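To keep things clear, I will list the structure first and then write my remarks on it.
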Amino acid sequence: MIQRCQIITRKLGLGMSVMPEGNIMIKDMHKQSVIVFSESGENIEELVDWLLFPPASITALGENLLAGCEFKFDMTDSHMLIIIRPSLYSFSNPSPEYSYFSDTLMFNLDGSDAPISAEGLTGVTLMTSDQDGRVFYSRKSSYEGVVHCWDIEGSLLFSASLPMPKVEKTEQEILE
Amino acid sequence: MQFAALGANALPEGFEPDPFHILVENIGVDSEGNLWVQRGTEVNPVFDVFDSEGIHVATAEFPQTGKFWQFSITPYGSLAWNNDPLSGIQKLYMIDLPVISR
């Protein structure tokens, strides 16, 4: 890998994606919106009418399509459930066109075994896409290293597993 | 985890950190359709590369050290930045990925 140029920036975050035509799509957590900027930084479009909040881990699929994770929360007597649905969205509809998959996280109501993420509960998901409209999803997990891939129609193409075992943290890493 | 997102500002009492590293830190796809999976288990950035059929074809290391490097690997170009640079100033790097031979 060769470094070609350097651009000094302020804090860079997650939830941004370069669109095929060169525009940049950024999730704005403060405004609960998805904003489309031109290459020159002009605000082109702002998507605000999400049912609860914008999907997580957004990735552009075309001029008017994006994929992202829809989150729903539920609770039992003893556990909190997070239902994660990697889904396809069009810019004109705040509801998913369809979901590729359903993934569930479960942890104690007191949060003592909740998944850790610097971006909050919704920061545990990873999504990306390619020029052919294929969508990839994985979850930050210590017991499963799998990436699922679907085509633009939502058919599962493959699930790729990392060729490595679980790795224990050191005491220092746990403290950090 | 930012528990502020749940309306609290601190970790819950009795919080037990996961004793294991997450396995997948990040994913991206290059212009050839290869899937780049960054391991969460390494001190320095290491990627496993899968071809467009999901076959593991290579392992690649980023030539910079540190666990705070972040990446955005896309068909339209790839970026790297350090979330905690020693200088305190973040720089965004455009990177050229190595050619993956099959």
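Starting from 1 in every chain, residues are counted up; chains themselves are A, B, ... following the order of the structure tokens, and ligands are numbered from 1 as listed.
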
| Residues of chain B within 8 Å of chain A, using only C-alpha atoms, as a VMD selection string? | chain B and resid 1 to 5 12 to 31 33 41 48 50 53 to 56 62 to 63 74 to 76 83 89 to 98

| field | DSSP-assigned strand (DSSP E) members of chain B, reported as a PyMOL selection string | value | chain B and resi 24-29+35-39+46-50+56-61+69-74+77-82+90-96

| request: Would you mind reading off the distance between CA of Ser52 (chain B) and CA of Ser102 (chain A), one decimal, in Å? | output: 23.0 Å

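Take CA of Ser92 (chain A) and CA of Asn64 (chain A): the distance between them is 8.0 Å.
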
| field | Atomic separation - CA of Ile83 (chain A) relative to CA of Met106 (chain A), Å | value | 8.8 Å

| task | From chain B, collect each residue whose DSSP state is helix (DSSP H, G or I) and return the set as a ChimeraX atom specification. | result | /B:3-6

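For the residues A:Ala67, A:Met80, A:Asn108, A:Phe91, ranking by smallest atom-to-atom distance to Glu45 (chain A) using only C-alpha atoms places A:Phe91 first.
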
| task | List the neighbours of Asp49 (chain A) out to 10 Å using only C-alpha atoms; skip same-chain residues closer than 5 positions along the sequence, and give me the result as a PyMOL selection string. | result | chain A and resi 32-34+54+91-95

| field | Shell of 12 Å around Lys31 (chain A), only C-alpha atoms, local chain residues under 3 positions omitted, as a VMD selection string | value | chain A and resid 26 to 28 34 to 35 46 to 50 52 to 54
